[in-house]
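Student: First, the structure itself, so that you have it in front of you.
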Amino acid sequence: MADASHFKIMIDVDIEQRLGTFDLAVSFKAEAPVVGLFGRSGSGKTSLVNALAGVGGRRRGHVIVNGETLFDDARGIDLPPERRRLGYVFQDDLLFPHMHVEANLLYGFRRAAVSTRVIEPEHVIDLLGLGGLRRRYPGTLSGGERQRVAIGRALLAQPRLLLMDEPLASLDIARRDEVLRYIELLRDDLRIPIVYVSHSIAEITRLADTIVLLSEGKAIAVGAVEEVMGRLDLRPQTGRYEAGSVFDTTVVAYDAKYALTTLRFDGGELIVPNVEAIAGERVRVRIRARDVSLALHPPTGLSIVNVLPGTITAIDDAGGPIVEVQLRLGNVSLRARITRRSRVDLGLAENQQVYTLIKAVSFDRRSVGYA
Amino acid sequence: MLSMSDTELGIILLSLKVAFFSVALSLPVAILAAHVLARFDFPGKTLLDAVIHLPLVLPPVVVGFALLLLFGKHGPLGAWLNDWFGIVVAFRWTGAALASAIMGFPLMVRAIRLSISSIDTRLETVARTLGGSRTWVFLSITLPLALPGLITGVLLSFARSLGEFGATITFVSNIPGETETLPLAIYTFVQSPGGDAQAIRLSLIAVLLSIAALVASEWLTRRTSK
Amino acid sequence: MFRWIKPVAVAIAGVSLVFGASAGDSAGLTVFAAASLRESLDEQARNFEGETGISIVVSYGASSALAKQIEAGAPADVFISADLEWMDYLDGRKLLAPGSRGNLLSNRLVLIAPASSKSTLKIEPNFGLSAALGADKLAMANPDSVPAGKYGKRALEMLGVWASVERKVARTENVRVALALVSRGEAPLGIVYATDALAERNVRVVDTFPESSHPAIVYPGAIVAASRSPSAKRFVDYLRSSSARVIWERYGFAPTS
């Protein structure tokens, strides 16, 4: 979970707008370093982001960011986009083609009052790896490079909040990962609050702490990512999301011989392959419920590497052949999915101490995120 | 036959002066009109569009006559300009510039509008979220990206102005040194006994100037379109 | 990004200064004169400039067009018309400086043909003008408004041939255009002033219209009421001087008393 040293920001949104195919009627309050807006295509995500940015048609309602009212039609307040101080990163980088990278980056920086300039150009250029691209023109850059410049440009306008609307959607898989890592850096290094819009579960779970679930123009759920995504009643909207757990760990050791990394968290240590991080780095992991098995006693002669003690906090038995078991390991919540028969055979019940088994190879690139 | 007299040089310079000022005068108005037509929708837009294009299809004499009625010393606008600012345009080179400005206006607006329409409005939106006011966004994003259209519009209007005859001769008549632009001078030489040589010389120059303007337009457009 | 704004702005300012500085109204004189006076009046003006140092700008055109321009406020100081009617037109509208009007010159009307023409047509009542034209045109200044055309129409009416040639007339904007048409062979015959025929090598006079067939051709000159120039009277007087008369006669004009 994101720790308390992150910069928190409260977003209070209540928007009603008539759109072509449906009406937007979104109301939620969310607080977190990163708020994810998740919904399928056409659920109203982009219209909502436009409402936050102050772009587009006539609306009713209000938008209050961290106590400051950006829009409130009842009180006649409607700040134009240039006064809202919200960085906006689109799916298309929308870099200014007639300016080179440095000019693009500094476009908003130059307009920002000197006293508000907290984020410095050199820092951003460093952070996003843009040093060698300064004088290049957007047309000559790759997709990933362009998107990084777009992010840098939004940052240097000294925004109080970054709005990212499917920023990775036009990139290929390799580039996506590259840019995603940079976004994680923003969250953790610059402590910039982000509202991240996506229809990709992997991206949202990796980045967001709080999630707003959108469907047909309405916010149907708000809450911690795992909690919302795990709710059975929301399955139709969450789609193929696989219940699991997400938490942060710290790298403590690296076994060069077998290329395995040890990650420590409050509930113990995990051995994981394919992690490119050095000791001390924070790494966020996601463990799918189906990859967690349970045992009453620590097993021997087993190929599974990760065996951690924990306590059962709840068991979700919906009546079918599969049950979901919620466990606690230290201050981390873990979910396991087992057959009902096993539950009965093992006599599993709340508050019981058990051992959780997690296959090391169940960690893949998509389940490990860098902080 | 190719050497030029002082008079002829004076005529060419006058033509260039009139063309230059006619373009300078109409450019800001054309940019505004093109921006409005390209980006906004409002009742009466079609009518505005039609009025702007009128000089393109009306007989130039009609435009000149209308100008005479409006801006002549006794015309409503002419009297007002004279009483309040001491400015007289009828029968002055400024009037020739005005006539040319009006005749070339639709060409300028068309070219600029086309350019502005082709700019992705989201670029302007992004610029605003970065803190740019509407005006700043217009100056720093819209105009530079519309540059090819601006150049084309300016050069086309310039070339049109060099060739403007009907409205000019009707509105400001043919006063040597003041309103006798290239086309009017050629017209005069054509009527003068023995004036053929001069008429041909000046005609060649008119052709060269027009070609130069068109070529420059092409070249600059290509350069700024990257 | 805006490095190009400065040089462009400087360029615009520079060009404006250069061009703007050439605003013309100095202590000179602007004369509006009938088209038929072009070469002769040009020489008179050059001589006057040489003697007095006062610069003169002459705008030539059909007297009808010029009179209307003066009425609309054109900045003429002196007006020399090719007939009395157009001077009367301005006089009646109080646009002339009182007492400044006077007759300057007189002229004759001739029938011309291209220099290569062998025509032996004689002007007399009911002469075969229409037959001589055949399917071609008679070049004339606009018979409804331009003096040369009006004189021509009156003459042809008096001689009884107007009706037969009316539809064959190529109406030109002023008498010099008619002259040009004939000199280029575009029209086999034309009606212009005797002085025009003299000025153009490529035409020959077929015959001269009898003075009785048209109103006397008189060129009045006057100072325009709105004129601010102190030299206007001096110039008009100059045009009546004996040295000026020599030049008029060389071009074929006859002075009036």
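Within each chain, counting starts at residue 1; across the structure tokens, chains are named A, B, ... in the order shown, with ligands numbered 1 upward in that order.
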Kindly determine which residues of chain A lie within 12 Å of chain C, considering only C-alpha atoms, and give the answer as a list in words.

Tutor: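 On the chain A side, the interface is Phe96, His98, Met99, His100, Val101, Glu102, Ala103, Asn104, Leu106 and Tyr107 of chain A.
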
Student: Would you list which chain A residues are within 8 Å of chain B using only C-alpha atoms, as a list in words?

Tutor: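 So the contacting residues turn out to be Ala53, Val55, Pro81, Glu82, Arg83, Arg84, Arg85, Leu86, Gly87, Tyr88, Leu94, Leu95, Phe96, His98, Tyr107, Gly108, Arg111, Ala112, Ala154 and Ala157 of chain A.
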
Student: Find the residues in chain C near chain B: any atom within 6 Å counts, using only C-alpha atoms. Write them as a list in words.

Tutor: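 Close to chain B, chain C has Ser59, Gly73, Ala74, Arg176, Val177, Ala180 and Glu200 of chain C.
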
Student: Quick one: distance from atom CA of A:Leu171 to atom CA of A:Gly143 in Å, one decimal?

Tutor: 6.2 Å

Student: What is the distance between atom CA of A:Gly152 and atom CA of A:Pro138, in Å to one decimal?

Tutor: 13.4 Å

Student: Based on the backbone DSSP call, show me all residues of stretch 14-210 of chain A assigned helix (DSSP H, G or I), as a ChimeraX atom specification.

Tutor: /A:45-53,81-84,101-111,114-116,121-127,131-133,138-140,143-156,173-190,201-207

Student: Quick one: residues within 8 Å of stretch 291-296 of chain A, only C-alpha atoms, excluding same-chain residues fewer than 6 positions away - as a ChimeraX atom specification?

Tutor: /A:335-338,346,353-359,362

Student: Can I get the selection written as a compact mmCIF listing (two decimals), in the first residue's frame, with C-alpha atoms?

Tutor:
# COMPACT_ATOMS: atom_id res chain seq x y z
CA ARG A 335 -6.29 -13.63 -1.08
CA ALA A 336 -6.27 -17.28 -1.91
CA ARG A 337 -8.57 -19.26 -4.14
CA ILE A 338 -9.14 -22.89 -3.32
CA LEU A 346 -8.60 -28.80 5.91
CA GLN A 353 -3.17 -19.84 11.44
CA VAL A 354 -2.14 -21.34 8.12
CA TYR A 355 0.73 -21.23 5.70
CA THR A 356 0.38 -19.49 2.36
CA LEU A 357 2.23 -20.92 -0.59
CA ILE A 358 3.09 -18.76 -3.57
CA LYS A 359 4.95 -20.05 -6.60
CA SER A 362 3.76 -16.65 -10.65

Student: At a cut-off of 10 Å, using only C-alpha atoms, what residues contact stretch 236-242 of chain C? Leave out same-chain residues fewer than 2 positions from it and give the result as an MDAnalysis selection string.

Tutor: chainID C and resid 41 44:45 47:48 78:80 100:105 221:223 231:234 244:248 255:257

Student: Would you mind exporting the chosen residues as a short mmCIF file (atom, residue, chain, number, x, y, z; two decimals), in the first residue's frame, restricted to C-alpha atoms?

Tutor:
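For reference, result-v7.cif as written:
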data_model
loop_
_atom_site.label_atom_id
_atom_site.label_comp_id
_atom_site.auth_asym_id
_atom_site.auth_seq_id
_atom_site.Cartn_x
_atom_site.Cartn_y
_atom_site.Cartn_z
CA LEU C 41 0.11 69.81 -72.50
CA GLN C 44 3.72 72.96 -71.82
CA ALA C 45 3.96 71.54 -68.33
CA ASN C 47 8.42 74.15 -69.88
CA PHE C 48 6.46 75.68 -67.05
CA VAL C 78 -7.02 73.04 -62.91
CA PHE C 79 -9.50 71.47 -65.31
CA ILE C 80 -9.22 71.68 -69.10
CA SER C 100 -11.33 81.74 -63.46
CA ARG C 101 -12.96 80.16 -66.47
CA GLY C 102 -11.89 81.01 -69.99
CA ASN C 103 -11.58 79.45 -73.42
CA LEU C 104 -8.11 78.28 -74.32
CA LEU C 105 -8.04 76.39 -77.57
CA GLY C 221 -9.91 75.88 -68.87
CA ALA C 222 -10.72 76.80 -65.28
CA ILE C 223 -9.45 76.66 -61.73
CA SER C 231 0.17 78.52 -58.66
CA ALA C 232 -3.04 77.51 -60.43
CA LYS C 233 -3.74 80.92 -61.89
CA ARG C 234 -0.16 81.34 -62.90
CA ALA C 244 2.67 78.65 -75.07
CA ARG C 245 0.77 79.57 -78.22
CA VAL C 246 3.73 78.57 -80.36
CA ILE C 247 3.62 75.12 -78.89
CA TRP C 248 -0.12 74.77 -79.23
CA PRO C 255 -6.03 79.44 -80.05
CA THR C 256 -9.27 81.17 -79.23
CA SER C 257 -9.62 84.76 -78.30
#

Student: List every residue of stretch 2-250 of chain C that DSSP, applied to the backbone, labels as strand (DSSP E), and write the result as a ChimeraX atom specification.

Tutor: /C:29-34,56-61,78-80,102-106,109-114,138-141,169-172,189-193,203-208,218-223

Student: Using only N, CA and C atoms, please write the residues we just selected to a file, as a compact mmCIF listing (two decimals), in the first residue's frame.

Tutor:
# COMPACT_ATOMS: atom_id res chain seq x y z
N LEU C 29 1.09 71.24 -58.55
CA LEU C 29 -0.18 71.52 -59.18
C LEU C 29 -0.71 70.24 -59.81
N THR C 30 -1.99 69.98 -59.66
CA THR C 30 -2.59 68.84 -60.33
C THR C 30 -3.57 69.32 -61.38
N VAL C 31 -3.36 68.87 -62.60
CA VAL C 31 -4.21 69.30 -63.71
C VAL C 31 -4.97 68.10 -64.25
N PHE C 32 -6.27 68.26 -64.41
CA PHE C 32 -7.07 67.23 -65.10
C PHE C 32 -7.35 67.78 -66.49
N ALA C 33 -6.94 67.02 -67.51
CA ALA C 33 -7.09 67.54 -68.86
C ALA C 33 -7.62 66.50 -69.81
N ALA C 34 -8.31 66.99 -70.86
CA ALA C 34 -8.88 66.09 -71.87
C ALA C 34 -7.78 65.26 -72.50
N ILE C 56 4.29 69.86 -61.86
CA ILE C 56 2.91 69.69 -62.35
C ILE C 56 2.64 68.22 -62.62
N VAL C 57 1.51 67.77 -62.16
CA VAL C 57 1.06 66.41 -62.44
C VAL C 57 -0.21 66.50 -63.26
N VAL C 58 -0.23 65.84 -64.41
CA VAL C 58 -1.43 65.90 -65.23
C VAL C 58 -2.09 64.54 -65.32
N SER C 59 -3.38 64.52 -65.10
CA SER C 59 -4.13 63.28 -65.27
C SER C 59 -5.02 63.45 -66.49
N TYR C 60 -4.79 62.61 -67.51
CA TYR C 60 -5.58 62.73 -68.74
C TYR C 60 -6.72 61.73 -68.75
N GLY C 61 -7.80 62.15 -69.35
CA GLY C 61 -8.90 61.21 -69.47
C GLY C 61 -10.01 61.86 -70.28
N VAL C 78 -6.60 72.45 -61.64
CA VAL C 78 -7.02 73.04 -62.91
C VAL C 78 -7.72 71.98 -63.74
N PHE C 79 -8.76 72.39 -64.45
CA PHE C 79 -9.50 71.47 -65.31
C PHE C 79 -9.56 72.05 -66.72
N ILE C 80 -9.11 71.25 -67.70
CA ILE C 80 -9.22 71.68 -69.10
C ILE C 80 -10.09 70.67 -69.80
N GLY C 102 -12.10 80.32 -68.72
CA GLY C 102 -11.89 81.01 -69.99
C GLY C 102 -11.57 80.02 -71.07
N ASN C 103 -11.87 80.36 -72.31
CA ASN C 103 -11.58 79.45 -73.42
C ASN C 103 -10.12 79.50 -73.79
N LEU C 104 -9.53 78.34 -74.03
CA LEU C 104 -8.11 78.28 -74.32
C LEU C 104 -7.82 77.96 -75.79
N LEU C 105 -8.43 76.90 -76.26
CA LEU C 105 -8.04 76.39 -77.57
C LEU C 105 -9.25 76.01 -78.39
N SER C 106 -8.99 75.80 -79.67
CA SER C 106 -10.02 75.21 -80.49
C SER C 106 -9.41 74.11 -81.33
N LEU C 109 -12.47 68.49 -86.24
CA LEU C 109 -12.81 67.07 -86.18
C LEU C 109 -12.44 66.42 -87.52
N VAL C 110 -11.80 65.27 -87.48
CA VAL C 110 -11.42 64.63 -88.74
C VAL C 110 -11.84 63.17 -88.76
N LEU C 111 -11.92 62.64 -89.99
CA LEU C 111 -12.17 61.22 -90.20
C LEU C 111 -10.82 60.60 -90.55
N ILE C 112 -10.42 59.57 -89.82
CA ILE C 112 -9.11 58.99 -90.08
C ILE C 112 -9.21 57.53 -90.49
N ALA C 113 -8.08 57.07 -91.04
CA ALA C 113 -7.96 55.65 -91.41
C ALA C 113 -6.52 55.25 -91.13
N PRO C 114 -6.25 53.97 -91.08
CA PRO C 114 -4.86 53.55 -90.87
C PRO C 114 -3.98 54.10 -91.97
N LEU C 138 -16.66 51.66 -86.77
CA LEU C 138 -16.21 53.04 -86.78
C LEU C 138 -15.76 53.36 -85.35
N ALA C 139 -14.47 53.69 -85.18
CA ALA C 139 -13.97 53.95 -83.83
C ALA C 139 -14.27 55.38 -83.43
N MET C 140 -14.96 55.52 -82.32
CA MET C 140 -15.33 56.85 -81.83
C MET C 140 -15.35 56.84 -80.32
N ALA C 141 -15.04 58.00 -79.72
CA ALA C 141 -15.22 58.10 -78.27
C ALA C 141 -16.72 58.00 -78.02
N VAL C 169 -20.73 51.59 -84.50
CA VAL C 169 -19.76 52.38 -83.75
C VAL C 169 -19.11 51.55 -82.64
N ALA C 170 -17.76 51.57 -82.63
CA ALA C 170 -17.04 50.98 -81.50
C ALA C 170 -16.79 52.11 -80.51
N ARG C 171 -17.55 52.10 -79.42
CA ARG C 171 -17.48 53.20 -78.47
C ARG C 171 -16.26 53.04 -77.57
N THR C 172 -15.41 54.04 -77.55
CA THR C 172 -14.22 53.93 -76.70
C THR C 172 -14.33 54.88 -75.52
N LEU C 189 -11.92 52.93 -89.96
CA LEU C 189 -12.18 54.36 -89.92
C LEU C 189 -12.44 54.80 -88.49
N GLY C 190 -12.17 56.06 -88.21
CA GLY C 190 -12.45 56.57 -86.87
C GLY C 190 -12.63 58.07 -86.91
N ILE C 191 -13.22 58.60 -85.85
CA ILE C 191 -13.42 60.05 -85.76
C ILE C 191 -12.66 60.56 -84.55
N VAL C 192 -11.69 61.44 -84.81
CA VAL C 192 -10.89 62.01 -83.73
C VAL C 192 -10.65 63.48 -84.03
N TYR C 193 -9.89 64.14 -83.16
CA TYR C 193 -9.54 65.53 -83.39
C TYR C 193 -8.38 65.60 -84.39
N VAL C 203 -1.71 56.88 -88.64
CA VAL C 203 -3.03 57.14 -89.24
C VAL C 203 -2.88 58.25 -90.25
N ARG C 204 -3.85 58.30 -91.17
CA ARG C 204 -3.87 59.43 -92.08
C ARG C 204 -5.28 60.01 -92.09
N VAL C 205 -5.33 61.31 -92.34
CA VAL C 205 -6.63 61.97 -92.36
C VAL C 205 -7.29 61.72 -93.71
N VAL C 206 -8.48 61.17 -93.67
CA VAL C 206 -9.22 60.94 -94.92
C VAL C 206 -9.92 62.22 -95.36
N ASP C 207 -10.54 62.87 -94.37
CA ASP C 207 -11.18 64.15 -94.69
C ASP C 207 -11.47 64.88 -93.38
N THR C 208 -11.71 66.19 -93.47
CA THR C 208 -12.02 66.98 -92.29
C THR C 208 -13.51 67.33 -92.29
N VAL C 218 -14.41 73.83 -78.62
CA VAL C 218 -13.70 74.80 -77.78
C VAL C 218 -13.21 74.09 -76.52
N TYR C 219 -11.96 74.37 -76.17
CA TYR C 219 -11.40 73.82 -74.93
C TYR C 219 -11.36 74.90 -73.87
N PRO C 220 -12.30 74.87 -72.93
CA PRO C 220 -12.22 75.84 -71.84
C PRO C 220 -11.31 75.31 -70.73
N GLY C 221 -10.73 76.27 -70.01
CA GLY C 221 -9.91 75.88 -68.87
C GLY C 221 -10.38 76.66 -67.66
N ALA C 222 -10.29 76.08 -66.47
CA ALA C 222 -10.72 76.80 -65.28
C ALA C 222 -9.97 76.28 -64.06
N ILE C 223 -10.03 77.10 -62.99
CA ILE C 223 -9.45 76.66 -61.73
C ILE C 223 -10.55 76.04 -60.89

Student: Rank nothing, just name the residue among B:Lys45, B:Arg160, B:His53, B:Arg39 nearest to B:Ser22, using only C-alpha atoms.

Tutor: B:Arg160

Student: Please identify all polymer residues within 9 Å of C:Lys168, counting only C-alpha atoms, omitting same-chain residues fewer than 5 positions from it, and present them as a ChimeraX atom specification.

Tutor: /C:130,133,135-139

Student: Env of A:Leu37: 7 Å cut, atoms = only C-alpha atoms, seq-sep filter 6 positions within chain, self excluded. Answer as a PyMOL selection string.

Tutor: chain A and resi 45+196-198+211-214

Student: If you count only C-alpha atoms, which residues fall within 8 Å of C:Asn142, apart from same-chain ones fewer than 5 positions away, as a list in words?

Tutor: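 Neighbouring residues, sequence-local ones excluded: Ala148, Gly149, Lys150, Arg171, Thr172, Glu173 and Asn174 of chain C.
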
Student: Quick check, in Å to one decimal: how far apart do atom CA of B:Ala50 and atom CA of B:Arg222 lie?

Tutor: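 For atom CA of B:Ala50 relative to atom CA of B:Arg222, the distance reads 29.8 Å.
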